[in-house]
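Okay, so here's the structure we're looking at.
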Amino acid sequence: MLNKKIILFFLYYITLIGYCQTTDLAISVEAQDLSGSDISQAHIYQEFQYLVTITNSGDAVQNAVFNQTINSGATIISFVSQNPTGGTTLITDLNEVGNQITGTIGNFPASASIQVKVVLRAPPAVGGIATTVTITPPETVTDTNEGNNISIISIDITDIIVDFTISHEQISPAPGTPINNWDDTITYHVTITNHSDITYPLAGFGGILELNSLAVNGLPVVQLISMSCIGATNGSVCYNDFNVNPQPTTIFAATPVTVYDFSINHEFESNSTLTFEMVYQFLEPECTLDPATLEVTSHIEIALDHVNESSNESNAIESLLIEAAICQETDVCIETIQISPTIGDLVNWGEDIIFETTICNNGPLDADVLASFRNTSNNVLWQITSIECIEGQSTIPCSTTTFANAGQYWVSGTFNMPVGEILTVRTTLHFIEPECVIGAINGIARSNISIESPDIEDSFPLNNSDFDNIDLQMDIPQCEIVELQVTKTQISPQLPEGSSPDNTTAWNSTITYEIVVSNESTIDTNIVLSDYYELDATSNIPEAVLESVTCVSTSGSASCFNIEHANIGVVLDGIPDTTGDPDVFWEILEEDNWLLPGMSSVTFHVEINWLPVCVANEIKGTNKVLLSAIGSQSDGTEVGSFATTYLAPCVDLVVQTFPETPTVFVNQPFNWVVDITNSNTSDEVIDAEFVDTLDNRFTISGTPTCQVTSGNATCVQSFDITGNTISGIIPQMAIGSTVRIFIPVEAPNIGGAFVNTSEAIPSPINNEELTPETNISISSVQVLAPTLEKWFDPEIIYTDEESTLTFTVYSVDSGNTESNISFTDNLPDGLVLTSEPVWVNSNGSTGTFLGNAGDDFVGITNLNIPQSATECTFSARVTSSNPGVYTNNHTNFTNQNNIDTSAVFATLEVIQQTQIENDCLKIPQVFTPNNDNFNDLFVIPCIEDFPENQLKIYNRHGILVFQQNNYINTWDGRPNSGLLHQTDKPLPVGTYYYALEIKNESPLVGWVYLNY
């Protein structure tokens, strides 16, 4: 237990040293071209660099962590730490993870700096990009000014001409020479050239074939069998990572056919070329009735993530093939005759009608056929009562095939029809009298035959079908039909917001639509309804989500029923499914039996959350609805309505703030400058809000001003100043315009680094920000002032003992007298002065001290340091009756003027005084082993009465330097422990910590000051 207490005590002291450490780190970042000149713009794919400068104005620190976040569209090429000063170690563990670069500064002394240079390639897309850099001390170290630990800048990526060309040639067989046989190949070469001034990636390329000959001559079949890069120039590297998977593709007449399409994303150096060789194999096509030499046209299309100055298509190459094989052909036929009643006689409802259908083959080939006979009448149905093959009128057996009755038609099985033979089928049926009809009626029967043999074509298709008209009675009354109406209207936000490209609404908000379904007839009917989203010319928002749908009201005798089919929370893309059905938000189906009585209506409220993306054109979402009636009194008509909501167009604001000069003196007037640019990827900016937040120690010394520095814009007309926040509205900014705002300030009356944060915030209903990270800029200015250092000596005392609190003021190297320096150090609760301040070394300085014995503050006013001096020092003694750790840092200071206290940090440990009778075991706080025969040994009174003891001595870093069992007052200041101890060399002057363990007694711990 005794050992545990002692170990815990010294662990406490060791960790106290770490946790009490402070520093003052600062970081800034600048965008530069590769020559080192600062830039605010770079063109797409341009190589440029960020230069990060990290400084330490406080105490030395180890293992400070650097982090930089790069725009995800940019490509990091290289990074390196460089130019360390003051003993700073290079960052050897710089590492790239995703779009972040991190590293550790192993040793970072005071008044030192280091730089990190990051070379990168700009994104291929225009617009603003931001980078954020941070520097963070380890957890055991406190940064006295965390506002300087981050810096954010943005630059605008502008466009540049990208120019690629493609040339295409046929190598073998020679141009104009046809292939010899089907399955032969044609070899082509493709040369792609980058004429741009920059390196740029080719996204991909594809091969296109078109049919030059007539479709009746045959449809060629082709496949790519090989692709390889055979040459590269001017620094570009060949690309050969092709996955060639031959797939036979038929070349049709009406549409160009893509034979292959490779995505490669391969960089082409400026003015370089790559040449590829591709080999097509042409397979035998299907037969044709009209063979002739087939001819195709080949060209290449490239894909770029940018507008191409030249065409994305190559020249066209005409290639000759050979003839397709000629098809076999025959002539099958069908004819139907009404036998009874006589053609032209009026047929009664329910009266039997007899038809005879003759199936024939005029040759010259036998063929498999399929025959059918169907009702194609308008508004009337029939009933087939019998289907029979008539043996006496057929020249082939009726058992050759079968006939299936499907109600409104019959169809034969597939059977072989020999040349010159016939098959006769008799059909008996009657028409069913309807109660009423909608529209006109007629009676029409159609018979049809088709060849099912795969290698035989019909030489005369005109006799493959036959139509028969039946004269029916026309005195059927017209049905009363249901008349439905539907309307759809945006109701929230209230129109006109969102109604047009000039009156848009905000993103990320729910839009409410009202759908009113009404039955304008007197007929009750069931309804079907579909409320859906379709990505088409009226809508370009790629995704939408139904938030809710509610039946809110009715009129007449209508009722609200449960809505059974609502895709709430499902993200829809507006693309129809494979059957052509649209993406449905919600619907009423036939099986729901939703009854809408005559002269009634139902009202629904539908909430949609549109999920747009930035596009060059207006951003709009259209919600469509279709309604129809179910039943015999419906004419099948669908009625529809739609509502289009226009969302705010995208903008890309880029903000930069910086001081007119990077360093100023206390109370010096200067301007903060804020540049706000509407990049070239934007739409017009309307009513953007400008907000600038200054550190509250700046004094705004005048009215901010605004000027247009480029393009067409309207400046802020008036500024609102609340405390140290300046705001205003920028009414309008055209694409590519910049406004500059000047904010006149007076620097703080104390030194340090002080931050300004500027933002430009688009109006949500007018604009949506494309890259929000570029809307904010954080910068700092270094205010130069004399710096202060302070410390306690000793740093550990017993209760009611004294420690000396010393202050040193260092002048700025400005070549002038430092004047009017003032500060008050408000001591931590429990510490008081035991003396008034006195000069330790004035160096000719003058000033008025603050504080007397018994006060809990100390300081100086009107301190003047002459030009000849670089520093001055004064001190006062302090004490406390209360044990504890007293931390005294920059937060204790008030009434500061012309002084930088940001790096000040000191601690005093006060230990409870041990009461020992007769001074036994009262361990001294000082001993001086200087061989003057006085106080030369570390003497512990009465230690001889406690022979079973152990003494351990530690230095201020917690390292054991001396230990002895059964100590008897023999230590003379020389070490006997520790890795580097030398027993013949005394320990250096300083404070040491002891632990004395005595059997059956509580351990004694404390400090002793060693001097000579």
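Please note that chains go A, B, ... in the order of the structure tokens, that every chain numbers its residues from 1, and that ligands are numbered from 1 in the order shown.
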
If we count only C-alpha atoms, what is near Asn882 in chain A at a cut-off of 9 Å, once residues fewer than 4 positions away on the same chain are taken out, given as an MDAnalysis selection string? chainID A and resid 799:800 830:831 910:912

Excluding Asp261 in chain A and its own-chain neighbours fewer than 2 positions away, which residues fall within 7 Å of it when counting only C-alpha atoms? Please give them as number ranges by chain. A: 205-207, 263

For Tyr967 in chain A, find every residue with an atom within 12 Å (counting only C-alpha atoms), except residues of its own chain fewer than 5 positions away, and show them as a PyMOL selection string. chain A and resi 937-953+962+995-998

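Neighbouring residues of range 404-410 of chain A at 7 Å or closer, counting only C-alpha atoms and skipping chain neighbours under 6 positions away, are A:Ser372, A:Phe373, A:Arg374, A:Asn375, A:Trp382, A:Gln383, A:Ile384.
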
Serialized selection, all heavy atoms, as a PDB file, in the first residue's frame:
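The resulting file, part.pdb, is shown below:
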```pdb
ATOM      1  N   SER A 372     -55.552 -18.123 -87.487  1.00  0.00           N
ATOM      2  CA  SER A 372     -56.432 -17.609 -86.428  1.00  0.00           C
ATOM      3  C   SER A 372     -57.627 -16.925 -87.059  1.00  0.00           C
ATOM      4  O   SER A 372     -57.597 -16.520 -88.228  1.00  0.00           O
ATOM      5  CB  SER A 372     -55.676 -16.634 -85.533  1.00  0.00           C
ATOM      6  OG  SER A 372     -55.257 -15.488 -86.255  1.00  0.00           O
ATOM      7  N   PHE A 373     -58.711 -16.762 -86.226  1.00  0.00           N
ATOM      8  CA  PHE A 373     -59.938 -16.102 -86.663  1.00  0.00           C
ATOM      9  C   PHE A 373     -60.456 -15.344 -85.446  1.00  0.00           C
ATOM     10  O   PHE A 373     -60.679 -15.941 -84.381  1.00  0.00           O
ATOM     11  CB  PHE A 373     -60.959 -17.151 -87.135  1.00  0.00           C
ATOM     12  CG  PHE A 373     -62.276 -16.585 -87.588  1.00  0.00           C
ATOM     13  CD1 PHE A 373     -62.382 -15.913 -88.794  1.00  0.00           C
ATOM     14  CD2 PHE A 373     -63.431 -16.727 -86.796  1.00  0.00           C
ATOM     15  CE1 PHE A 373     -63.599 -15.405 -89.219  1.00  0.00           C
ATOM     16  CE2 PHE A 373     -64.635 -16.217 -87.223  1.00  0.00           C
ATOM     17  CZ  PHE A 373     -64.730 -15.541 -88.434  1.00  0.00           C
ATOM     18  N   ARG A 374     -60.634 -13.991 -85.569  1.00  0.00           N
ATOM     19  CA  ARG A 374     -60.924 -13.208 -84.380  1.00  0.00           C
ATOM     20  C   ARG A 374     -61.933 -12.092 -84.639  1.00  0.00           C
ATOM     21  O   ARG A 374     -62.122 -11.641 -85.778  1.00  0.00           O
ATOM     22  CB  ARG A 374     -59.644 -12.643 -83.788  1.00  0.00           C
ATOM     23  CG  ARG A 374     -58.915 -11.629 -84.633  1.00  0.00           C
ATOM     24  CD  ARG A 374     -57.567 -11.248 -83.989  1.00  0.00           C
ATOM     25  NE  ARG A 374     -56.665 -12.388 -83.875  1.00  0.00           N
ATOM     26  CZ  ARG A 374     -56.126 -12.793 -82.712  1.00  0.00           C
ATOM     27  NH1 ARG A 374     -56.405 -12.147 -81.600  1.00  0.00           N
ATOM     28  NH2 ARG A 374     -55.306 -13.821 -82.691  1.00  0.00           N
ATOM     29  N   ASN A 375     -62.581 -11.653 -83.555  1.00  0.00           N
ATOM     30  CA  ASN A 375     -63.554 -10.563 -83.563  1.00  0.00           C
ATOM     31  C   ASN A 375     -62.814  -9.245 -83.449  1.00  0.00           C
ATOM     32  O   ASN A 375     -62.170  -8.961 -82.434  1.00  0.00           O
ATOM     33  CB  ASN A 375     -64.533 -10.731 -82.396  1.00  0.00           C
ATOM     34  CG  ASN A 375     -65.603  -9.635 -82.361  1.00  0.00           C
ATOM     35  OD1 ASN A 375     -65.715  -8.817 -83.270  1.00  0.00           O
ATOM     36  ND2 ASN A 375     -66.407  -9.654 -81.309  1.00  0.00           N
ATOM     37  N   TRP A 382     -68.969 -11.330 -79.521  1.00  0.00           N
ATOM     38  CA  TRP A 382     -69.640 -12.504 -80.053  1.00  0.00           C
ATOM     39  C   TRP A 382     -69.382 -13.695 -79.153  1.00  0.00           C
ATOM     40  O   TRP A 382     -68.525 -13.662 -78.260  1.00  0.00           O
ATOM     41  CB  TRP A 382     -69.271 -12.781 -81.495  1.00  0.00           C
ATOM     42  CG  TRP A 382     -67.828 -13.256 -81.759  1.00  0.00           C
ATOM     43  CD1 TRP A 382     -67.030 -13.943 -80.919  1.00  0.00           C
ATOM     44  CD2 TRP A 382     -67.100 -13.117 -82.978  1.00  0.00           C
ATOM     45  NE1 TRP A 382     -65.839 -14.229 -81.512  1.00  0.00           N
ATOM     46  CE2 TRP A 382     -65.846 -13.742 -82.776  1.00  0.00           C
ATOM     47  CE3 TRP A 382     -67.377 -12.546 -84.226  1.00  0.00           C
ATOM     48  CZ2 TRP A 382     -64.861 -13.787 -83.781  1.00  0.00           C
ATOM     49  CZ3 TRP A 382     -66.409 -12.605 -85.223  1.00  0.00           C
ATOM     50  CH2 TRP A 382     -65.162 -13.215 -84.991  1.00  0.00           C
ATOM     51  N   GLN A 383     -70.109 -14.781 -79.456  1.00  0.00           N
ATOM     52  CA  GLN A 383     -69.871 -16.045 -78.772  1.00  0.00           C
ATOM     53  C   GLN A 383     -69.726 -17.132 -79.820  1.00  0.00           C
ATOM     54  O   GLN A 383     -70.614 -17.348 -80.651  1.00  0.00           O
ATOM     55  CB  GLN A 383     -71.024 -16.377 -77.819  1.00  0.00           C
ATOM     56  CG  GLN A 383     -70.801 -17.686 -77.072  1.00  0.00           C
ATOM     57  CD  GLN A 383     -71.900 -17.981 -76.073  1.00  0.00           C
ATOM     58  OE1 GLN A 383     -72.733 -17.128 -75.796  1.00  0.00           O
ATOM     59  NE2 GLN A 383     -71.937 -19.199 -75.548  1.00  0.00           N
ATOM     60  N   ILE A 384     -68.553 -17.790 -79.810  1.00  0.00           N
ATOM     61  CA  ILE A 384     -68.293 -18.888 -80.750  1.00  0.00           C
ATOM     62  C   ILE A 384     -68.946 -20.146 -80.179  1.00  0.00           C
ATOM     63  O   ILE A 384     -68.639 -20.562 -79.041  1.00  0.00           O
ATOM     64  CB  ILE A 384     -66.783 -19.096 -80.949  1.00  0.00           C
ATOM     65  CG1 ILE A 384     -66.142 -17.845 -81.557  1.00  0.00           C
ATOM     66  CG2 ILE A 384     -66.505 -20.316 -81.830  1.00  0.00           C
ATOM     67  CD1 ILE A 384     -64.626 -17.911 -81.672  1.00  0.00           C
TER      68      ILE A 384
END
```

Report the residues of range 140-361 of chain A whose backbone DSSP state falls under strand (DSSP E or B), written as a VMD selection string. chain A and resid 141 to 143 150 to 158 162 164 to 172 185 to 194 200 to 211 221 to 232 249 to 250 257 to 268 272 to 283 288 293 to 303 308 313 317 to 323 326 328 to 330 332 to 340 347 353 to 361

Report as a list in words all protein, DNA and RNA residues lying within 12 Å of Glu871 in chain A, evaluated on only C-alpha atoms, omitting residues in the same chain fewer than 5 positions from it.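 Non-adjacent residues within range: Pro786, Thr787, Leu788, Glu789, Phe807, Thr808, Val809, Tyr810, Ser811, Val812, Asp813, Thr817, Glu818, Trp839, Val840, Asn841, Ser842, Asn843, Gly844, Ser845, Thr846, Leu863, Asn864, Ile865 and Pro866 of chain A.
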
One decimal, in Å: what's the spacing between CA of Gly736 in chain A and CA of Asp687 in chain A? 16.3 Å

Please provide as an NGL selection string all residues within 7 Å of Val674 in chain A, with the sequence filter that same-chain residues fewer than 4 positions apart are discarded (counting only C-alpha atoms). :A and (656-658 or 740-742)

Go ahead and dump the residues you just picked, N, CA, C and O atoms, as an mmCIF file, in the first residue's frame.
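Just written: result.cif:
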```cif
data_model
loop_
_atom_site.group_PDB
_atom_site.id
_atom_site.type_symbol
_atom_site.label_atom_id
_atom_site.label_comp_id
_atom_site.auth_asym_id
_atom_site.auth_seq_id
_atom_site.Cartn_x
_atom_site.Cartn_y
_atom_site.Cartn_z
ATOM 1 N N GLN A 656 -13.296 35.105 -49.944
ATOM 2 C CA GLN A 656 -11.936 35.245 -49.445
ATOM 3 C C GLN A 656 -11.869 36.482 -48.568
ATOM 4 O O GLN A 656 -12.329 37.550 -48.967
ATOM 5 N N THR A 657 -11.336 36.351 -47.359
ATOM 6 C CA THR A 657 -11.080 37.530 -46.527
ATOM 7 C C THR A 657 -9.623 37.541 -46.121
ATOM 8 O O THR A 657 -9.015 36.489 -45.909
ATOM 9 N N PHE A 658 -9.062 38.750 -46.006
ATOM 10 C CA PHE A 658 -7.659 38.889 -45.630
ATOM 11 C C PHE A 658 -7.428 40.315 -45.150
ATOM 12 O O PHE A 658 -8.143 41.248 -45.534
ATOM 13 N N ARG A 740 -16.100 43.573 -53.741
ATOM 14 C CA ARG A 740 -15.098 43.680 -52.677
ATOM 15 C C ARG A 740 -15.625 44.615 -51.604
ATOM 16 O O ARG A 740 -16.100 45.712 -51.895
ATOM 17 N N ILE A 741 -15.527 44.155 -50.357
ATOM 18 C CA ILE A 741 -16.009 44.928 -49.208
ATOM 19 C C ILE A 741 -14.817 45.263 -48.326
ATOM 20 O O ILE A 741 -13.992 44.393 -48.021
ATOM 21 N N PHE A 742 -14.718 46.540 -47.962
ATOM 22 C CA PHE A 742 -13.673 47.013 -47.063
ATOM 23 C C PHE A 742 -14.295 47.297 -45.698
ATOM 24 O O PHE A 742 -15.304 48.010 -45.606
#
```

Residue neighbourhood range 640-655 of chain A, 6 Å, only C-alpha atoms, exclusion window fewer than 4 positions, as number ranges by chain: A: 128, 487-489, 498-501, 504-506, 614, 619-626, 675-679, 682-683, 765-770, 774-777

Please save N, CA and C atoms of the selected residues as a compact mmCIF listing (two decimals), in the first residue's frame.
```txt
# COMPACT_ATOMS: atom_id res chain seq x y z
N GLY A 128 -16.10 26.92 -57.40
CA GLY A 128 -15.26 27.18 -56.25
C GLY A 128 -14.85 25.90 -55.55
N THR A 487 -58.00 18.08 -60.85
CA THR A 487 -57.11 19.24 -60.86
C THR A 487 -56.01 19.01 -59.82
N LYS A 488 -54.86 19.60 -60.09
CA LYS A 488 -53.74 19.51 -59.15
C LYS A 488 -53.11 20.87 -59.03
N THR A 489 -52.91 21.35 -57.78
CA THR A 489 -52.42 22.71 -57.54
C THR A 489 -51.44 22.68 -56.38
N GLY A 498 -42.44 29.52 -56.27
CA GLY A 498 -42.26 28.24 -56.93
C GLY A 498 -43.00 28.09 -58.24
N SER A 499 -43.63 29.18 -58.72
CA SER A 499 -44.49 29.05 -59.89
C SER A 499 -43.78 29.25 -61.21
N SER A 500 -42.55 29.78 -61.19
CA SER A 500 -41.87 30.07 -62.46
C SER A 500 -40.37 30.14 -62.21
N PRO A 501 -39.57 30.15 -63.29
CA PRO A 501 -38.12 30.29 -63.13
C PRO A 501 -37.73 31.60 -62.47
N THR A 504 -38.86 31.25 -57.65
CA THR A 504 -38.55 29.88 -57.24
C THR A 504 -38.77 29.71 -55.74
N THR A 505 -38.63 28.47 -55.31
CA THR A 505 -38.73 28.16 -53.89
C THR A 505 -37.49 27.39 -53.46
N ALA A 506 -37.34 27.23 -52.14
CA ALA A 506 -36.10 26.68 -51.58
C ALA A 506 -36.02 25.16 -51.73
N CYS A 614 -27.81 20.21 -59.00
CA CYS A 614 -27.55 21.43 -59.77
C CYS A 614 -27.43 21.09 -61.26
N ILE A 619 -34.48 24.44 -62.63
CA ILE A 619 -34.68 23.21 -61.87
C ILE A 619 -36.16 23.10 -61.53
N LYS A 620 -36.80 22.05 -62.02
CA LYS A 620 -38.24 21.95 -61.87
C LYS A 620 -38.66 20.50 -61.67
N GLY A 621 -39.70 20.35 -60.86
CA GLY A 621 -40.28 19.04 -60.63
C GLY A 621 -41.77 19.08 -60.95
N THR A 622 -42.23 18.13 -61.73
CA THR A 622 -43.64 18.08 -62.13
C THR A 622 -44.29 16.84 -61.54
N ASN A 623 -45.38 17.08 -60.80
CA ASN A 623 -46.16 16.01 -60.19
C ASN A 623 -47.43 15.82 -61.03
N LYS A 624 -47.60 14.61 -61.58
CA LYS A 624 -48.70 14.35 -62.50
C LYS A 624 -49.73 13.41 -61.87
N VAL A 625 -51.00 13.54 -62.32
CA VAL A 625 -52.05 12.67 -61.83
C VAL A 625 -52.93 12.27 -63.02
N LEU A 626 -53.32 10.98 -63.06
CA LEU A 626 -54.24 10.46 -64.07
C LEU A 626 -55.43 9.81 -63.37
N ASP A 675 -13.50 39.55 -50.49
CA ASP A 675 -13.87 39.38 -51.90
C ASP A 675 -14.93 38.28 -51.99
N ILE A 676 -16.03 38.58 -52.68
CA ILE A 676 -17.10 37.60 -52.91
C ILE A 676 -17.28 37.47 -54.42
N THR A 677 -17.07 36.25 -54.92
CA THR A 677 -17.14 35.99 -56.36
C THR A 677 -18.26 35.01 -56.65
N ASN A 678 -19.04 35.31 -57.69
CA ASN A 678 -20.03 34.37 -58.21
C ASN A 678 -19.38 33.65 -59.39
N SER A 679 -19.02 32.38 -59.18
CA SER A 679 -18.18 31.69 -60.15
C SER A 679 -18.94 31.43 -61.46
N SER A 682 -22.23 29.31 -61.90
CA SER A 682 -23.43 29.75 -61.18
C SER A 682 -24.55 30.18 -62.11
N ASP A 683 -25.67 30.41 -61.46
CA ASP A 683 -26.75 31.19 -62.02
C ASP A 683 -26.59 32.60 -61.45
N ILE A 765 -34.79 30.86 -51.15
CA ILE A 765 -35.85 30.79 -52.15
C ILE A 765 -35.37 31.24 -53.52
N ASN A 766 -34.20 31.90 -53.56
CA ASN A 766 -33.69 32.39 -54.84
C ASN A 766 -32.53 31.56 -55.38
N ASN A 767 -31.72 30.99 -54.49
CA ASN A 767 -30.53 30.28 -54.93
C ASN A 767 -30.20 29.15 -53.98
N GLU A 768 -29.62 28.09 -54.54
CA GLU A 768 -29.08 26.99 -53.76
C GLU A 768 -27.59 26.91 -54.00
N GLU A 769 -26.80 26.82 -52.91
CA GLU A 769 -25.35 26.82 -53.02
C GLU A 769 -24.83 25.47 -53.50
N LEU A 770 -23.97 25.53 -54.51
CA LEU A 770 -23.40 24.32 -55.09
C LEU A 770 -22.31 23.74 -54.20
N THR A 774 -17.21 26.76 -49.82
CA THR A 774 -16.52 27.95 -50.32
C THR A 774 -17.22 29.23 -49.90
N ASN A 775 -18.32 29.12 -49.14
CA ASN A 775 -19.07 30.31 -48.72
C ASN A 775 -18.47 31.00 -47.51
N ILE A 776 -17.47 30.40 -46.90
CA ILE A 776 -16.91 30.93 -45.67
C ILE A 776 -15.40 31.04 -45.81
N SER A 777 -14.84 32.06 -45.21
CA SER A 777 -13.40 32.24 -45.19
C SER A 777 -12.99 32.69 -43.80
```

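Of the listed residues (A:Pro1003, A:Thr88, A:Ser386, A:Leu304), A:Ser386 comes nearest to Asp352 in chain A; the distances count only C-alpha atoms.
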
Go ahead and compute the interatomic distance for CA of Ala42 in chain A and CA of Val118 in chain A, in Å to one decimal. 15.0 Å

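Comparing A:Ile438, A:Val570, A:Ala734, A:Cys706 by their smallest distance to Asp635 in chain A, the closest is A:Ile438 (using only C-alpha atoms).
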
Which residue is closest to Asp972 in chain A? Choose from A:Glu313, A:Asp936, A:Asp531, A:Asp345 and count only C-alpha atoms. A:Asp936
